[in-house]
Structures are given as structure tokens and as C-alpha cells.
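Asks: Input input38.cif, format and content: mmCIF, C-alpha atoms.
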data_data
#
loop_
_atom_site.label_atom_id
_atom_site.label_comp_id
_atom_site.auth_asym_id
_atom_site.auth_seq_id
_atom_site.Cartn_x
_atom_site.Cartn_y
_atom_site.Cartn_z
CA MET A 4 -57.66 -38.93 -61.14
CA ALA A 5 -55.97 -35.55 -61.56
CA ALA A 6 -52.30 -35.44 -62.54
CA PHE A 7 -51.50 -33.85 -59.18
CA ASP A 8 -52.94 -36.79 -57.29
CA ARG A 9 -51.35 -39.35 -59.53
CA GLU A 10 -47.96 -37.75 -59.05
CA ILE A 11 -48.37 -37.72 -55.30
CA VAL A 12 -49.17 -41.41 -55.35
CA GLU A 13 -46.08 -42.00 -57.43
CA LEU A 14 -44.01 -40.03 -54.94
CA LEU A 15 -45.18 -42.13 -51.99
CA PRO A 16 -42.22 -44.54 -52.10
CA ARG A 17 -39.78 -41.63 -52.00
CA LEU A 18 -41.73 -39.84 -49.29
CA ARG A 19 -41.63 -43.02 -47.24
CA ARG A 20 -37.88 -43.25 -47.76
CA LEU A 21 -37.25 -39.67 -46.70
CA ALA A 22 -39.49 -40.14 -43.67
CA ARG A 23 -37.58 -43.28 -42.77
CA VAL A 24 -34.36 -41.27 -42.66
CA LEU A 25 -35.89 -38.58 -40.48
CA THR A 26 -37.83 -40.67 -37.99
CA ARG A 27 -36.84 -43.51 -35.73
CA SER A 28 -39.27 -46.21 -36.73
CA PRO A 29 -41.20 -47.34 -39.79
CA ALA A 30 -44.47 -46.61 -38.00
CA ASP A 31 -43.43 -43.04 -37.20
CA ALA A 32 -42.25 -42.68 -40.79
CA ASP A 33 -45.62 -43.62 -42.25
CA ASP A 34 -47.36 -41.31 -39.78
CA LEU A 35 -45.16 -38.50 -41.06
CA VAL A 36 -45.97 -39.42 -44.68
CA GLN A 37 -49.66 -39.37 -43.84
CA LEU A 38 -49.43 -35.98 -42.18
CA SER A 39 -47.47 -34.59 -45.14
CA VAL A 40 -49.87 -35.94 -47.75
CA GLU A 41 -52.84 -34.55 -45.83
CA ARG A 42 -51.20 -31.14 -45.69
CA ALA A 43 -50.29 -31.29 -49.38
CA LEU A 44 -53.84 -32.18 -50.39
CA GLY A 45 -55.14 -29.32 -48.28
CA ARG A 46 -52.80 -26.90 -50.03
CA ARG A 47 -52.97 -28.20 -53.55
CA ASP A 48 -53.84 -24.70 -54.77
CA GLN A 49 -50.43 -23.51 -53.61
CA TRP A 50 -48.49 -25.84 -55.86
CA ARG A 51 -47.47 -24.22 -59.15
CA PRO A 52 -47.68 -26.64 -62.06
CA GLY A 53 -44.36 -26.81 -63.86
CA THR A 54 -42.37 -26.68 -60.64
CA ARG A 55 -41.05 -29.81 -59.03
CA LEU A 56 -43.66 -31.60 -57.02
CA ASP A 57 -41.06 -33.69 -55.20
CA SER A 58 -39.29 -30.60 -53.83
CA TRP A 59 -42.62 -29.09 -52.83
CA MET A 60 -43.67 -32.27 -51.02
CA PHE A 61 -40.27 -32.59 -49.33
CA ARG A 62 -40.63 -29.05 -48.01
CA ILE A 63 -44.05 -29.88 -46.60
CA MET A 64 -42.62 -32.99 -44.98
CA LYS A 65 -39.68 -31.04 -43.57
CA ASN A 66 -42.03 -28.53 -41.95
CA ALA A 67 -44.33 -31.26 -40.66
CA TRP A 68 -41.36 -33.03 -39.15
CA ILE A 69 -40.01 -29.92 -37.49
CA ASP A 70 -43.43 -29.24 -35.99
CA GLU A 71 -43.57 -32.81 -34.79
CA THR A 72 -40.08 -32.85 -33.26
CA ARG A 73 -40.72 -29.59 -31.45
CA ALA A 74 -43.87 -30.97 -29.94
CA ARG A 75 -42.12 -34.18 -29.10
CA SER A 76 -39.00 -32.71 -27.54
CA ARG A 77 -41.21 -30.95 -25.05
CA ARG A 78 -42.63 -34.31 -24.05
CA SER A 79 -39.60 -36.55 -23.93
CA ALA A 80 -35.90 -36.88 -24.41
CA VAL A 81 -34.41 -38.38 -27.53
CA LEU A 82 -35.84 -41.79 -28.22
CA ALA A 83 -33.55 -44.69 -28.86
CA PRO A 84 -33.91 -46.33 -32.28
CA GLU A 85 -36.68 -48.85 -31.98
CA GLU A 86 -37.22 -52.43 -32.94
CA ALA A 87 -33.74 -53.77 -32.39
CA GLY A 88 -33.74 -57.22 -33.89
CA ASP A 89 -37.45 -57.24 -34.59
CA ARG A 90 -37.09 -57.52 -38.29
CA VAL A 91 -34.39 -60.15 -38.56
CA GLY A 92 -35.01 -63.78 -39.07
CA GLU A 93 -36.72 -63.76 -42.44
CA ASP A 94 -33.96 -64.91 -44.72
CA GLY A 95 -31.22 -66.10 -42.44
CA ALA A 96 -27.65 -64.98 -42.07
CA ALA A 97 -27.27 -62.73 -45.11
CA ALA A 98 -30.41 -60.79 -44.30
CA MET A 99 -29.37 -60.55 -40.67
CA GLN A 100 -26.00 -59.14 -41.72
CA ALA A 101 -27.70 -56.61 -43.97
CA ARG A 102 -30.05 -55.68 -41.16
CA LEU A 103 -27.18 -55.17 -38.71
CA GLU A 104 -25.41 -53.08 -41.31
CA ALA A 105 -28.52 -50.98 -41.79
CA ARG A 106 -28.89 -50.53 -38.05
CA ALA A 107 -25.36 -49.17 -37.78
CA VAL A 108 -26.20 -46.61 -40.46
CA GLU A 109 -29.53 -45.75 -38.84
CA ALA A 110 -27.84 -45.28 -35.47
CA ALA A 111 -25.20 -43.00 -36.98
CA MET A 112 -27.90 -40.98 -38.76
CA ALA A 113 -29.90 -40.76 -35.56
CA ARG A 114 -26.95 -39.20 -33.77
CA LEU A 115 -26.72 -36.32 -36.24
CA PRO A 116 -28.28 -33.00 -35.27
CA GLU A 117 -31.65 -32.56 -36.96
CA ASP A 118 -30.50 -29.89 -39.41
CA GLN A 119 -27.55 -31.99 -40.58
CA ARG A 120 -29.72 -35.08 -40.95
CA LEU A 121 -32.16 -33.18 -43.15
CA ALA A 122 -29.34 -31.97 -45.40
CA VAL A 123 -27.83 -35.45 -45.70
CA ALA A 124 -31.25 -37.01 -46.34
CA LEU A 125 -32.07 -34.68 -49.20
CA VAL A 126 -28.70 -34.68 -50.95
CA LEU A 127 -27.26 -38.11 -50.29
CA VAL A 128 -30.39 -40.22 -50.00
CA GLU A 129 -32.83 -38.33 -52.23
CA GLY A 130 -30.22 -37.14 -54.72
CA LEU A 131 -31.25 -33.47 -54.79
CA SER A 132 -28.75 -30.87 -55.97
CA TYR A 133 -27.43 -28.42 -53.40
CA ALA A 134 -29.60 -25.67 -54.87
CA GLU A 135 -32.73 -27.84 -54.70
CA ALA A 136 -32.00 -29.00 -51.18
CA ALA A 137 -31.39 -25.43 -50.00
CA GLU A 138 -34.73 -24.46 -51.49
CA VAL A 139 -36.55 -27.32 -49.78
CA LEU A 140 -35.00 -26.43 -46.44
CA GLU A 141 -35.54 -22.70 -47.03
CA ILE A 142 -31.94 -21.86 -46.14
CA PRO A 143 -29.11 -20.12 -48.03
CA PRO A 144 -26.86 -22.37 -50.17
CA GLY A 145 -23.86 -21.74 -47.92
CA THR A 146 -25.79 -22.92 -44.87
CA LEU A 147 -26.86 -26.05 -46.70
CA THR A 148 -23.27 -26.80 -47.67
CA SER A 149 -21.90 -26.42 -44.18
CA ARG A 150 -24.65 -28.56 -42.61
CA LEU A 151 -24.22 -31.20 -45.26
CA VAL A 152 -20.45 -31.34 -44.93
CA ARG A 153 -20.53 -31.48 -41.15
CA GLY A 154 -23.12 -34.24 -41.32
CA ARG A 155 -21.15 -36.24 -43.85
CA MET A 156 -17.94 -35.91 -41.85
CA ALA A 157 -19.67 -37.06 -38.66
CA LEU A 158 -21.21 -40.04 -40.45
CA ALA A 159 -17.88 -41.02 -41.94
CA ALA A 160 -16.16 -40.80 -38.57
CA GLN A 161 -18.78 -43.03 -36.95
CA LEU A 162 -19.27 -45.57 -39.69
CA ARG A 163 -15.60 -46.07 -40.41
CA GLN A 164 -15.07 -47.27 -36.88
CA ASP A 165 -16.99 -50.42 -37.59
CA GLU A 166 -15.59 -51.17 -40.99
CA PRO A 167 -14.02 -54.60 -40.62
CA GLU A 168 -10.91 -54.08 -42.70
CA ALA A 169 -10.75 -50.34 -41.99
CA ALA A 170 -8.35 -49.14 -44.65
CA PRO A 171 -7.28 -45.74 -43.39
CA MET B 27 -25.81 -15.09 -57.33
CA ASN B 28 -24.25 -17.98 -55.58
CA ASP B 29 -21.28 -19.56 -57.21
CA PRO B 30 -20.96 -23.09 -55.92
CA ASN B 31 -18.36 -24.10 -58.47
CA THR B 32 -15.50 -21.96 -57.44
CA THR B 33 -12.93 -23.59 -55.23
CA HIS B 34 -12.13 -20.24 -53.69
CA GLY B 35 -13.51 -20.09 -50.22
CA MET B 36 -14.23 -23.81 -50.09
CA THR B 37 -12.67 -25.83 -47.33
CA PRO B 38 -10.96 -29.08 -48.38
CA GLU B 39 -13.87 -31.02 -46.85
CA GLU B 40 -16.44 -28.97 -48.73
CA ARG B 41 -14.59 -29.51 -51.93
CA LEU B 42 -14.34 -33.27 -51.43
CA ILE B 43 -18.02 -33.62 -50.63
CA ALA B 44 -18.99 -31.31 -53.51
CA TYR B 45 -16.92 -33.51 -55.80
CA LEU B 46 -18.74 -36.64 -54.60
CA ASP B 47 -22.10 -34.95 -55.03
CA GLY B 48 -21.34 -33.86 -58.58
CA GLU B 49 -21.44 -30.19 -57.60
CA LEU B 50 -18.06 -29.14 -59.03
CA ASP B 51 -17.83 -27.78 -62.55
CA ALA B 52 -15.75 -29.65 -65.12
CA GLU B 53 -12.60 -27.70 -64.48
CA ALA B 54 -12.71 -27.94 -60.70
CA ARG B 55 -13.58 -31.58 -61.04
CA ALA B 56 -10.58 -32.32 -63.25
CA ARG B 57 -8.31 -30.44 -60.90
CA PHE B 58 -9.60 -32.38 -57.92
CA GLU B 59 -9.18 -35.68 -59.71
CA ALA B 60 -5.60 -34.82 -60.62
CA GLU B 61 -4.88 -34.00 -56.99
CA ALA B 62 -6.47 -37.20 -55.76
CA ALA B 63 -4.44 -39.19 -58.27
CA ALA B 64 -1.26 -37.70 -56.91
CA ASP B 65 -2.17 -37.86 -53.23
CA PRO B 66 -2.82 -41.32 -51.76
CA ARG B 67 -4.22 -39.87 -48.55
CA LEU B 68 -6.76 -37.80 -50.42
CA ALA B 69 -7.60 -40.79 -52.60
CA ALA B 70 -8.15 -42.95 -49.52
CA GLU B 71 -10.33 -40.33 -47.93
CA LEU B 72 -12.36 -40.08 -51.10
CA ALA B 73 -12.79 -43.85 -51.22
CA GLY B 74 -13.83 -43.87 -47.57
CA HIS B 75 -16.51 -41.25 -48.13
CA ARG B 76 -17.72 -43.13 -51.20
CA ARG B 77 -18.12 -46.29 -49.13
CA VAL B 78 -19.98 -44.44 -46.41
CA GLY B 79 -22.23 -42.83 -49.04
CA ARG B 80 -23.04 -46.22 -50.53
CA ARG B 81 -23.81 -47.67 -47.12
CA VAL B 82 -26.19 -44.84 -46.35
CA THR B 83 -28.02 -44.96 -49.70
CA GLY B 84 -28.05 -48.76 -49.56
CA THR B 85 -29.68 -48.69 -46.14
CA TYR B 86 -32.66 -46.66 -47.26
CA ALA B 87 -33.02 -47.81 -50.87
CA PRO B 88 -35.09 -50.91 -50.02
CA VAL B 89 -37.86 -48.64 -48.69
CA LEU B 90 -38.64 -47.70 -52.29
CA ASP B 91 -39.51 -51.28 -53.07
CA GLU B 92 -41.70 -51.97 -50.12
CA PRO B 93 -45.36 -52.02 -51.02
CA VAL B 94 -46.89 -48.68 -50.05
CA PRO B 95 -49.43 -49.17 -47.26
CA PRO B 96 -52.90 -48.99 -48.83
CA HIS B 97 -54.10 -46.40 -46.32
CA LEU B 98 -51.55 -43.91 -47.68
CA VAL B 99 -52.68 -44.43 -51.27
CA ALA B 100 -56.27 -44.20 -50.11
CA LEU B 101 -55.61 -40.75 -48.61
CA VAL B 102 -55.14 -39.45 -52.14
CA THR B 103 -57.69 -41.53 -53.98
CA ALA B 104 -60.45 -41.19 -51.42
CA ALA B 105 -60.07 -37.44 -51.23
CA ASN B 106 -60.39 -36.89 -54.93
CA ASP B 107 -62.04 -39.72 -56.70
CA ARG B 108 -65.54 -41.04 -56.41
CA ALA B 109 -64.50 -44.25 -58.09
CA PRO B 110 -60.93 -44.76 -56.95
CA ALA B 111 -58.52 -45.65 -59.69
CA ARG B 112 -57.12 -49.11 -59.47
CA PHE B 113 -53.49 -49.28 -58.54
CA GLY B 114 -51.10 -52.03 -58.91
CA PRO B 115 -51.00 -55.08 -60.94
CA PRO B 116 -54.36 -56.17 -62.31
CA ARG B 117 -54.00 -54.79 -65.81
CA TRP B 118 -50.30 -55.35 -65.75
CA ALA B 119 -50.56 -58.87 -64.55
CA ALA B 120 -52.59 -59.73 -67.61
CA LEU B 121 -50.13 -58.04 -69.91
CA ALA B 122 -47.14 -59.62 -68.26
CA ALA B 123 -48.82 -62.98 -68.41
CA CYS B 124 -49.34 -62.59 -72.14
CA LEU B 125 -45.82 -61.48 -72.86
CA VAL B 126 -43.76 -63.56 -70.53
CA ALA B 127 -41.94 -66.10 -72.60
CA GLY B 128 -42.30 -69.80 -72.10
CA VAL B 129 -39.02 -70.10 -70.25
CA LEU B 130 -40.58 -68.47 -67.30
CA VAL B 131 -43.62 -70.61 -66.91
CA GLY B 132 -41.64 -73.32 -65.24
CA ARG B 133 -39.97 -70.78 -63.02
CA LEU B 134 -43.16 -69.41 -61.59
CA ALA B 135 -43.25 -72.33 -59.26
CA TRP B 136 -39.88 -71.34 -57.84
CA PRO B 137 -39.67 -70.69 -54.20
CA GLN B 138 -38.89 -67.04 -53.54
CA PRO B 139 -35.08 -67.01 -53.77
CA GLY B 140 -34.95 -66.25 -57.50
CA PRO B 141 -34.56 -62.97 -59.32
CA LEU B 142 -38.32 -62.72 -59.84
CA ALA B 143 -41.15 -63.21 -57.42
CA ASP B 144 -44.84 -63.68 -58.00
CA ARG B 145 -46.63 -60.86 -56.19
CA ASP B 146 -50.36 -60.65 -56.59
CA GLY B 147 -50.10 -62.33 -59.95
CA ALA B 148 -47.39 -60.00 -61.30
CA LEU B 149 -43.76 -60.91 -61.72
CA VAL B 150 -41.68 -58.54 -59.66
CA ALA B 151 -37.89 -58.22 -59.56
CA ARG B 152 -36.41 -59.00 -56.20
CA GLY B 153 -33.03 -59.15 -54.49
CA SER B 154 -29.97 -58.34 -56.54
CA LEU B 155 -31.98 -57.97 -59.76
CA ASP B 156 -34.24 -55.45 -58.09
CA ARG B 157 -31.27 -53.54 -56.72
CA ALA B 158 -29.50 -53.55 -60.09
CA LEU B 159 -32.59 -52.25 -61.89
CA THR B 160 -33.05 -49.55 -59.29
CA ALA B 161 -29.49 -48.37 -58.79
CA GLN B 162 -27.24 -49.53 -61.59
CA LEU B 163 -26.41 -47.60 -64.75
CA ALA B 164 -25.66 -49.19 -68.10
CA SER B 165 -22.05 -48.12 -67.64
CA ASP B 166 -21.74 -49.83 -64.25
CA GLU B 167 -20.17 -53.23 -63.96
CA GLY B 168 -21.64 -55.93 -61.84
CA PRO B 169 -22.92 -59.46 -61.86
CA ILE B 170 -26.12 -58.14 -63.45
CA ARG B 171 -25.89 -55.82 -66.43
CA ILE B 172 -28.32 -53.17 -67.51
CA GLY B 173 -28.83 -52.52 -71.22
CA LEU B 174 -31.34 -50.04 -72.58
CA THR B 175 -33.35 -47.65 -70.48
CA PHE B 176 -36.37 -45.98 -72.07
CA GLN B 177 -39.82 -44.60 -71.33
CA ALA B 178 -42.99 -46.35 -72.42
CA ALA B 179 -45.79 -44.35 -74.00
CA ASP B 180 -47.41 -43.80 -70.59
CA GLY B 181 -44.15 -42.50 -69.12
CA ARG B 182 -43.10 -45.55 -67.13
CA TYR B 183 -39.38 -46.25 -67.15
CA CYS B 184 -38.37 -49.60 -68.55
CA ARG B 185 -34.97 -51.28 -68.59
CA THR B 186 -33.48 -54.36 -70.16
CA PHE B 187 -31.28 -56.54 -68.02
CA ALA B 188 -29.05 -59.60 -68.25
CA ASP B 189 -28.35 -61.84 -65.30
CA PRO B 190 -25.78 -64.43 -66.43
CA ALA B 191 -25.78 -66.21 -63.09
CA GLU B 192 -29.46 -66.98 -63.59
CA ALA B 193 -29.13 -67.34 -67.39
CA LEU B 194 -31.91 -64.80 -67.51
CA ALA B 195 -32.45 -61.71 -69.65
CA GLY B 196 -35.53 -59.55 -69.79
CA LEU B 197 -37.35 -56.27 -69.79
CA ALA B 198 -38.83 -54.74 -66.64
CA CYS B 199 -40.85 -51.57 -66.14
CA ARG B 200 -41.18 -49.41 -63.04
CA GLN B 201 -44.68 -49.46 -61.65
CA SER B 202 -45.89 -48.58 -58.14
CA GLY B 203 -42.38 -48.61 -56.75
CA ARG B 204 -41.52 -52.04 -58.12
CA TRP B 205 -39.97 -53.49 -61.26
CA LEU B 206 -42.48 -55.60 -63.10
CA ALA B 207 -41.13 -58.10 -65.60
CA VAL B 208 -42.70 -57.52 -68.98
CA THR B 209 -40.84 -60.27 -70.73
CA THR B 210 -37.97 -62.61 -70.01
CA ALA B 211 -35.86 -64.99 -72.05
CA THR B 212 -33.05 -67.42 -71.51
CA LEU B 213 -29.65 -65.82 -71.76
CA ALA B 214 -27.26 -67.71 -74.01
CA PRO B 215 -24.42 -69.04 -71.85
CA ALA B 216 -21.84 -68.30 -74.57
CA ALA B 217 -21.71 -64.77 -73.23
CA GLY B 218 -19.36 -65.92 -70.50
CA ALA B 219 -16.38 -66.27 -72.82
CA ALA B 220 -14.91 -62.83 -73.28
CA PRO B 221 -16.11 -60.33 -70.70
CA ALA B 222 -14.26 -57.45 -72.28
CA TYR B 223 -16.29 -57.65 -75.44
CA ARG B 224 -19.68 -58.14 -73.95
CA THR B 225 -22.21 -55.42 -73.97
CA ALA B 226 -25.67 -55.75 -72.57
CA ALA B 227 -27.15 -54.73 -75.90
CA SER B 228 -25.37 -57.34 -77.96
CA GLU B 229 -26.43 -60.13 -75.67
CA THR B 230 -30.07 -59.10 -75.47
CA PRO B 231 -32.21 -61.93 -76.83
CA ALA B 232 -34.49 -61.17 -79.78
CA ALA B 233 -37.64 -61.75 -77.72
CA VAL B 234 -36.59 -59.00 -75.33
CA LEU B 235 -35.71 -56.62 -78.14
CA ALA B 236 -39.12 -57.23 -79.69
CA ALA B 237 -40.78 -56.32 -76.39
CA VAL B 238 -38.65 -53.16 -76.25
CA ASP B 239 -39.82 -52.15 -79.71
CA ALA B 240 -43.42 -52.78 -78.76
CA LEU B 241 -43.25 -50.56 -75.68
CA LYS B 242 -40.71 -47.88 -76.46
CA ALA B 243 -41.96 -44.36 -77.11
CA GLY B 244 -39.11 -42.25 -78.51
CA ASP B 245 -35.41 -42.87 -78.14
CA ALA B 246 -33.66 -44.76 -75.41
CA LEU B 247 -32.27 -42.57 -72.63
CA ASP B 248 -28.67 -41.43 -73.01
CA ALA B 249 -26.25 -41.83 -70.09
CA LYS B 250 -27.10 -38.44 -68.62
CA ALA B 251 -30.86 -38.92 -68.81
CA GLU B 252 -30.48 -42.43 -67.43
CA ARG B 253 -28.59 -41.13 -64.41
CA ALA B 254 -31.10 -38.34 -63.88
CA ALA B 255 -34.01 -40.78 -64.00
CA ARG B 256 -32.30 -43.06 -61.51
CA ASP B 257 -31.56 -40.16 -59.20
CA ARG B 258 -35.25 -39.26 -59.28
CA ALA B 259 -35.96 -42.83 -58.23
CA TRP B 260 -37.67 -43.56 -61.56
CA VAL B 261 -40.55 -41.28 -60.87
CA LYS B 262 -42.09 -40.29 -64.19
#
As C-alpha cells, what does this structure read like?

Replies:
Amino acid sequence: MAAFDREIVELLPRLRRLARVLTRSPADADDLVQLSVERALGRRDQWRPGTRLDSWMFRIMKNAWIDETRARSRRSAVLAPEEAGDRVGEDGAAAMQARLEARAVEAAMARLPEDQRLAVALVLVEGLSYAEAAEVLEIPPGTLTSRLVRGRMALAAQLRQDEPEAAP
Amino acid sequence: MNDPNTTHGMTPEERLIAYLDGELDAEARARFEAEAAADPRLAAELAGHRRVGRRVTGTYAPVLDEPVPPHLVALVTAANDRAPARFGPPRWAALAACLVAGVLVGRLAWPQPGPLADRDGALVARGSLDRALTAQLASDEGPIRIGLTFQAADGRYCRTFADPAEALAGLACRQSGRWLAVTTATLAPAAGAAPAYRTAASETPAAVLAAVDALKAGDALDAKAERAARDRAWVK
């Protein structure tokens, strides 16, 4: 298998994670991964060896997602996060607590405007530098910073409300 | 040229977030830390954002360890390979089976709530061990400690770990989004005596060190390279 293909396979866990941040359900996330991988394979000639494949793939996923959300917003209003409670019950109370915790985060992320969610996903979840994230999103660094900061502030405001021993 | 490191023109919020994201230069960073040390409100705000950041990363981190659906892997292999390469454990399972020390044989029969699980014949880190291997740095404190991080000859990242609660030490390598145990050994309980003097390296059993020597290609990663590899989610 070519190095390009092997690296894409190795990126699949990260692509699935990014897609999980962007979409509302695991099934939608894997559909987005599939669409992105198909596009990447179709454009493999456009990738320049020596540049970061992860950034290149993230950009493809970002564009695929924007295309998808535009198509979708014409069809329906914002969907509520799916599968409430579906995935609990495997390991008892601790897992249930973790799942509830995750749902609070997912709900807060879902409430962010799309552009802020993308910035937060790339920097906070994927660990890209500001410069890399700006390049993936094809926006100026200053725009990235302001979207990121607004997103992080909104997340903090929402998530701190449900911290049990909310130390101000 | 953009100049992200200047504090001129940055709002206080931008500066705080840039600090958390490691985007301030050394001088701006030191200045911010001095201010936070002198300003309890700023320190509390910083701590609050740190907690929120950890909750967000913690929510999505487990996705990395889910098995990738075969149809996604097949997209790549089917498109490019007449005889698709084999992914996952087969070769590794054999290797792990050869190397895994005797202590583990009895543990294979464990029900799932242990630090290692038997998946398709390979021993895979799970739960807190999996999270520590994925997220923790050697400099981090926690119930599980990480020792050396290095790359094997084929580029896979491998890390030694010590889990005193399970009396378990070992070496695990990143493969297909999971940590596969290459070798494990019993951790001497004496390590519990003086936490301040313990280092993961000094408590690493000889069997684990031997496995490290057998696999290691080049030097172990330094703290910076270790962090960078973690931040890239251990992708080669």
C-alpha cells in the first residue's frame, strides 16, 4: 500500500474524532469521514508530499461538512443531539456519569455557531496551532483567534453552570 | 507577517486563551503567569478554562480508541490495493503472545474490568491505563505513571507505564488507534514507600527494559517531542 494510503488509514481515528465534534451523531460522523476520505482519494494528486496530511484532510472534511450543512439547513431546522441515553447501561454508574458529562459537553458544543465550533474543534480537540488551524479553515489568523476565543468563552459560560462545586 | 505573540492589541480573553493554547512566547507567558499569581480572580478564571478544556478534550478522546469501522478502512484499501493489506492484530498478536511475561497468562482470564483487555487475541490497554497512555506525559502525576516514550523501527510510538494499583508495569505500542501491550511485568510493591523519590524509569522492571531495548530505534523522545507526539494523537 502506498504511504499516502497508509497515512490516511492511520488518520482515521482522528478524522472520526473531528467528525464527532462537528456532527450530532456517531452515524453522521462516520458518514462525514467516508465522504472526506472519498474526496481525498479522488484528489490525491493535489496533496504535496512533505506537507501535513492531517491538515490537508481536515480541510477536506471542513469543506465537506460545510457543503453538507448548507444542504441540510435548507431541508430542516437544527437537529437536537440524538441518542439521549442510548449508550448508557454498559458499565453501570461510573460509565453513566461519564456519559452524562459527555452529553453536557456535546450539547454545549452543539450550541456554538458553526464557525466557532470548527475553530474550537481544531485547536482544543485536535491540538493544532493557531497558524495551522487558520490554514485549515482558510481564514486569516485574526479571524481564527476571535472565533476561537468567542467559542471558548461561550463553552465556559455554559459548562460552568453545571459544575457541582462551581468555584467562581 | 502576523505576530501572534505580542500582547499589544490582544484582549484579556484572547491573551488568556492564547496562554492556555501555548501560543504566547516565553516573555509574554512569564508576564501572564506573574499576573495570574498576583491576581486570584485571573487565576480562578484560568483554572476554570482549564477545567472546561479538559472536559471538552476528555469527551472526544475516547473516539480515538474505538475500533475504526471496517468499511472506512476498506475505502482506502479497496481503492488502491489488489490484495488488501492486513490491518490490526494478527502479526502483533503473535508477537505480543511471545513477549508477554508469565505474570500475565493468569490475567488473560480476567473479566474485562482490568487495565488490559483481550481483543481479537491482542492485549489492549483499556480504561484508565488507556487514557494515561494516550494523554499523560512523563512529567504528569497520576495514579498511573508514564516512563519512556520512543519510536520503534517501523515508526510506532511505544511507552512504558507503571500502574501501582494493579501492581503492573509494561510496554505498550500504538497500533490502529489502540495501545497494544508488548510486554508486562509485576511491579514491585516497595515503590509505594516514598513517592517523592519515585521515577517511572527507576521502577521499570528489567523485563520491560529489555523489551524497550529490543524495540527502540534511536533515542527516547524528550519532553518536547513527547508532547508533540501526544498532541498529534500518536500518529506516526

Asks: Identify which of the residues B:Arg76, B:Leu50, B:Leu90, B:Phe58 lies closest to Arg23 in chain A, counting all atoms listed in the file when measuring atom-to-atom distances.

Replies: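 Residue with the minimum atom-to-atom distance to Arg23 in chain A: B:Leu90.
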
Asks: When the cut-off is 7 Å and we count all atoms listed in the file, which residues of chain A are near chain B, given as a ChimeraX atom specification?

Replies: /A:4,8,12-14,16-17,19-20,37,105,108,127-128,130,152,159,162,171

Asks: Could you state the separation of CA of Arg55 in chain B and CA of Arg163 in chain A in Å, given to one decimal place?

Replies: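 Answer for the CA of Arg55 in chain B to CA of Arg163 in chain A separation: 25.3 Å.
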
Asks: Tell me which protein, DNA and RNA residues are within 12 Å of Ile142 in chain A, counting all atoms listed in the file, leaving out same-chain ones fewer than 4 positions away, and put them as an NGL selection string.

Replies: :A and (62 or 118 or 121-122 or 133-138 or 146-150)

Asks: Give, as lines of an AutoDock Vina configuration file, the centre coordinates and the x, y and z edge lengths in Å to one decimal for an axis-aligned box around all listed atoms of range 21-38 of chain A, padded by 8 Å on each side.

Replies:
center_x = -42.0
center_y = -41.7
center_z = -41.2
size_x = 31.3
size_y = 27.4
size_z = 27.0

Asks: I'd like the interatomic distance between CA of Leu149 in chain B and CA of Ala164 in chain B, to a tenth of an Å.

Replies: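 Spanning CA of Leu149 in chain B to CA of Ala164 in chain B is a straight-line distance of 22.5 Å.
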
Asks: Would you mind reading off the distance between CA of Leu35 in chain A and CA of Arg253 in chain B, one decimal, in Å?

Replies: 28.8 Å

Asks: Show me the residues around (-48.2, -37.1, -48.4) - criterion: an atom at most 8 Å away, all atoms listed in the file counted - as a VMD selection string.

Replies: (chain A and resid 11 15 18 36 to 44 60 64) or (chain B and resid 98)

Asks: Compile the contact shell of Leu194 in chain B as a short mmCIF file (atom, residue, chain, number, x, y, z; two decimals) with C-alpha atoms, in the coordinates of the input: residues with an atom at most 8 Å away, counting all atoms listed in the file, same-chain residues fewer than 2 positions apart removed.

Replies:
data_model
loop_
_atom_site.label_atom_id
_atom_site.label_comp_id
_atom_site.auth_asym_id
_atom_site.auth_seq_id
_atom_site.Cartn_x
_atom_site.Cartn_y
_atom_site.Cartn_z
CA ALA B 188 -29.05 -59.60 -68.25
CA ASP B 189 -28.35 -61.84 -65.30
CA PRO B 190 -25.78 -64.43 -66.43
CA ALA B 191 -25.78 -66.21 -63.09
CA GLU B 192 -29.46 -66.98 -63.59
CA GLY B 196 -35.53 -59.55 -69.79
CA THR B 210 -37.97 -62.61 -70.01
CA ALA B 211 -35.86 -64.99 -72.05
CA THR B 212 -33.05 -67.42 -71.51
CA LEU B 213 -29.65 -65.82 -71.76
#
